[in-house]
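**Q** The structure's right below; bear with me while I get my questions together.
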Amino acid sequence: MLVRMDMWALLEALPPVTDPPGSQAAVLVPLYEDENGDVRVVLTKRPDHMPTHPGDVVFPGGHREEGEEPISTAMREAWEEIALPRDAVIEIIGGLDPVTTRDRTRPIVPVVARINRPASLVPDPREVEAIIEPKLTDLLDDDRWVERDWFGHSLWFFEFDEGILWGATAFMVRDLLTYLRPAK
C-alpha cells in the first residue's frame, strides 16, 4: 500500500497536457486531499435523460469552444457542471493519454489537477445527477475492478453505489493509477 503523501510525488511523473489533432473535448481530473489525508478524485454521474452517455460515471468535461485550449475547456466545464471555481485549481499536474470513444478521430484530453475542494460542489441538474468522490486507494484495489467483454472489446468496470465507471473514463482512471502503482 502506498503512503498517502507519496501519491503527489508519484503524480509529478505525469506528462504535460497535450492537444492532439482532432481533439474537440477535454475533461478535468480533479484530485484533492481530504481531512484525513486521503487523496480523492471527483467524478460525476450523468442523468439518464442526457442524449449522450446517459447515466455514465465521468469526469467533469465537455466540448471545446472556438479557440479554447484543453486546460481552459476542462476548467470551464468543471465550473459549469459542479461549480468548481477556477481559483480552486492549485496546479495542473499534467495530462493523461488522450482517449477516444466511438469516433476514433476525436480524442478527449484528460487534464489532471490538484484542487482545494470548496466547502460544497453544486451539481448542475441538467448535466450531473450525483458527485462521486472516491479515494484513490479504493480505486487502486484491483479486487474491485471487473474486466468484461463488451461487443468484442475488453473493458474495465468499477461499481459505485451511484453508478458504474466504465468505458473511456475507466480507461483514464486506470491510466492515472499506473502512476501510483509501484514498479514491478
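Simple scheme: letters A, B, ... for chains in C-alpha cells order, numbers from 1 for residues in each chain, numbers from 1 for ligands in the order shown.
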For stretch 161-177 of chain A, list every protein, DNA or RNA residue within 9 Å, evaluated using only C-alpha atoms, and leave out those in the same chain fewer than 4 positions away; present the list as a VMD selection string.

**A** chain A and resid 11 14 29 45 55 to 59 96 to 101 108 110 112 130 to 132 136 139 to 140 155 to 157 181

**Q** May I have the residues from that selection written out with N, CA and C atoms, as a PDB file, in the first residue's frame?

**A**
ATOM      1  N   LEU A  11       2.656  11.486  -8.847  1.00  0.00           N
ATOM      2  CA  LEU A  11       1.904  12.129  -9.929  1.00  0.00           C
ATOM      3  C   LEU A  11       2.725  13.186 -10.665  1.00  0.00           C
ATOM      4  N   LEU A  14       3.582  12.620 -14.330  1.00  0.00           N
ATOM      5  CA  LEU A  14       2.624  12.772 -15.434  1.00  0.00           C
ATOM      6  C   LEU A  14       3.221  13.652 -16.526  1.00  0.00           C
ATOM      7  N   VAL A  29      -9.589  16.102 -14.310  1.00  0.00           N
ATOM      8  CA  VAL A  29      -9.426  15.010 -13.355  1.00  0.00           C
ATOM      9  C   VAL A  29      -9.025  15.683 -12.038  1.00  0.00           C
ATOM     10  N   LYS A  45     -21.949  11.586 -12.056  1.00  0.00           N
ATOM     11  CA  LYS A  45     -22.846  10.662 -12.761  1.00  0.00           C
ATOM     12  C   LYS A  45     -23.787  11.507 -13.589  1.00  0.00           C
ATOM     13  N   GLY A  55     -26.444   8.344 -17.804  1.00  0.00           N
ATOM     14  CA  GLY A  55     -26.183   7.514 -16.632  1.00  0.00           C
ATOM     15  C   GLY A  55     -24.731   7.147 -16.398  1.00  0.00           C
ATOM     16  N   ASP A  56     -23.825   7.580 -17.261  1.00  0.00           N
ATOM     17  CA  ASP A  56     -22.421   7.204 -17.123  1.00  0.00           C
ATOM     18  C   ASP A  56     -21.743   7.970 -15.991  1.00  0.00           C
ATOM     19  N   VAL A  57     -20.755   7.335 -15.379  1.00  0.00           N
ATOM     20  CA  VAL A  57     -19.891   7.979 -14.402  1.00  0.00           C
ATOM     21  C   VAL A  57     -18.701   8.536 -15.181  1.00  0.00           C
ATOM     22  N   VAL A  58     -18.485   9.846 -15.060  1.00  0.00           N
ATOM     23  CA  VAL A  58     -17.496  10.534 -15.903  1.00  0.00           C
ATOM     24  C   VAL A  58     -16.776  11.625 -15.105  1.00  0.00           C
ATOM     25  N   PHE A  59     -15.746  12.180 -15.705  1.00  0.00           N
ATOM     26  CA  PHE A  59     -15.106  13.376 -15.168  1.00  0.00           C
ATOM     27  C   PHE A  59     -15.866  14.599 -15.669  1.00  0.00           C
ATOM     28  N   LEU A  96      -3.115  12.959 -19.033  1.00  0.00           N
ATOM     29  CA  LEU A  96      -3.130  11.524 -19.292  1.00  0.00           C
ATOM     30  C   LEU A  96      -3.210  11.322 -20.795  1.00  0.00           C
ATOM     31  N   ASP A  97      -3.051  10.084 -21.236  1.00  0.00           N
ATOM     32  CA  ASP A  97      -3.172   9.804 -22.663  1.00  0.00           C
ATOM     33  C   ASP A  97      -4.564  10.200 -23.146  1.00  0.00           C
ATOM     34  N   PRO A  98      -4.658  10.943 -24.238  1.00  0.00           N
ATOM     35  CA  PRO A  98      -5.970  11.237 -24.812  1.00  0.00           C
ATOM     36  C   PRO A  98      -6.700   9.929 -25.146  1.00  0.00           C
ATOM     37  N   VAL A  99      -8.011   9.954 -24.986  1.00  0.00           N
ATOM     38  CA  VAL A  99      -8.839   8.766 -25.148  1.00  0.00           C
ATOM     39  C   VAL A  99      -9.904   9.038 -26.199  1.00  0.00           C
ATOM     40  N   THR A 100     -10.236   8.017 -26.973  1.00  0.00           N
ATOM     41  CA  THR A 100     -11.340   8.153 -27.929  1.00  0.00           C
ATOM     42  C   THR A 100     -12.491   7.243 -27.507  1.00  0.00           C
ATOM     43  N   THR A 101     -13.662   7.569 -28.014  1.00  0.00           N
ATOM     44  CA  THR A 101     -14.823   6.708 -27.804  1.00  0.00           C
ATOM     45  C   THR A 101     -15.177   6.112 -29.158  1.00  0.00           C
ATOM     46  N   ILE A 108     -10.377  12.771 -26.548  1.00  0.00           N
ATOM     47  CA  ILE A 108     -10.731  13.551 -25.367  1.00  0.00           C
ATOM     48  C   ILE A 108      -9.441  13.744 -24.576  1.00  0.00           C
ATOM     49  N   PRO A 110      -7.582  14.411 -21.153  1.00  0.00           N
ATOM     50  CA  PRO A 110      -7.707  14.460 -19.701  1.00  0.00           C
ATOM     51  C   PRO A 110      -6.651  15.393 -19.088  1.00  0.00           C
ATOM     52  N   VAL A 112      -5.170  16.585 -15.517  1.00  0.00           N
ATOM     53  CA  VAL A 112      -5.109  16.230 -14.106  1.00  0.00           C
ATOM     54  C   VAL A 112      -4.718  17.464 -13.297  1.00  0.00           C
ATOM     55  N   ALA A 130     -25.215  13.131  -9.779  1.00  0.00           N
ATOM     56  CA  ALA A 130     -24.531  12.904  -8.499  1.00  0.00           C
ATOM     57  C   ALA A 130     -23.049  13.211  -8.650  1.00  0.00           C
ATOM     58  N   ILE A 131     -22.441  13.599  -7.537  1.00  0.00           N
ATOM     59  CA  ILE A 131     -20.999  13.782  -7.469  1.00  0.00           C
ATOM     60  C   ILE A 131     -20.449  12.625  -6.635  1.00  0.00           C
ATOM     61  N   ILE A 132     -19.417  11.974  -7.161  1.00  0.00           N
ATOM     62  CA  ILE A 132     -18.817  10.804  -6.523  1.00  0.00           C
ATOM     63  C   ILE A 132     -17.355  11.152  -6.248  1.00  0.00           C
ATOM     64  N   LEU A 136      -8.358   7.485  -3.936  1.00  0.00           N
ATOM     65  CA  LEU A 136      -7.514   6.804  -4.911  1.00  0.00           C
ATOM     66  C   LEU A 136      -7.089   5.432  -4.391  1.00  0.00           C
ATOM     67  N   LEU A 139      -9.657   3.027  -5.480  1.00  0.00           N
ATOM     68  CA  LEU A 139      -9.563   2.742  -6.917  1.00  0.00           C
ATOM     69  C   LEU A 139      -8.352   1.869  -7.230  1.00  0.00           C
ATOM     70  N   LEU A 140      -7.344   1.892  -6.377  1.00  0.00           N
ATOM     71  CA  LEU A 140      -6.157   1.047  -6.560  1.00  0.00           C
ATOM     72  C   LEU A 140      -6.412  -0.411  -6.184  1.00  0.00           C
ATOM     73  N   LEU A 155     -13.253  -4.404 -21.601  1.00  0.00           N
ATOM     74  CA  LEU A 155     -13.396  -3.135 -20.883  1.00  0.00           C
ATOM     75  C   LEU A 155     -13.373  -3.373 -19.375  1.00  0.00           C
ATOM     76  N   TRP A 156     -12.927  -2.345 -18.652  1.00  0.00           N
ATOM     77  CA  TRP A 156     -12.897  -2.377 -17.197  1.00  0.00           C
ATOM     78  C   TRP A 156     -14.121  -1.666 -16.626  1.00  0.00           C
ATOM     79  N   PHE A 157     -14.614  -2.201 -15.492  1.00  0.00           N
ATOM     80  CA  PHE A 157     -15.777  -1.657 -14.802  1.00  0.00           C
ATOM     81  C   PHE A 157     -15.469  -1.556 -13.309  1.00  0.00           C
ATOM     82  N   ARG A 181       1.121   3.050  -8.955  1.00  0.00           N
ATOM     83  CA  ARG A 181       1.476   1.665  -8.611  1.00  0.00           C
ATOM     84  C   ARG A 181       3.003   1.527  -8.569  1.00  0.00           C
TER      85      ARG A 181
END

**Q** Among the residues of chain A, find those DSSP assigns to strand (DSSP E or B) from the backbone and print them as a PyMOL selection string.

**A** chain A and resi 25-33+39-41+43-45+57-58+61-63+89-95+99+108-115+130-132+135+145-150+153-159+164-166

**Q** Write out as a count of residues only the set of residues from chain A that DSSP, computed on the backbone, places in helix (DSSP H, G or I).

**A** 41

**Q** So how far away is atom CA of A:Leu84 from atom CA of A:Ala119, in Å?

**A**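 Computing it gives 10.3 Å between the two atoms.
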
**Q** Nearest to A:Ile71 among A:Pro16, A:Pro47, A:Gly37, A:Pro107, with distances taken over only C-alpha atoms: which residue is it?

**A** A:Pro16
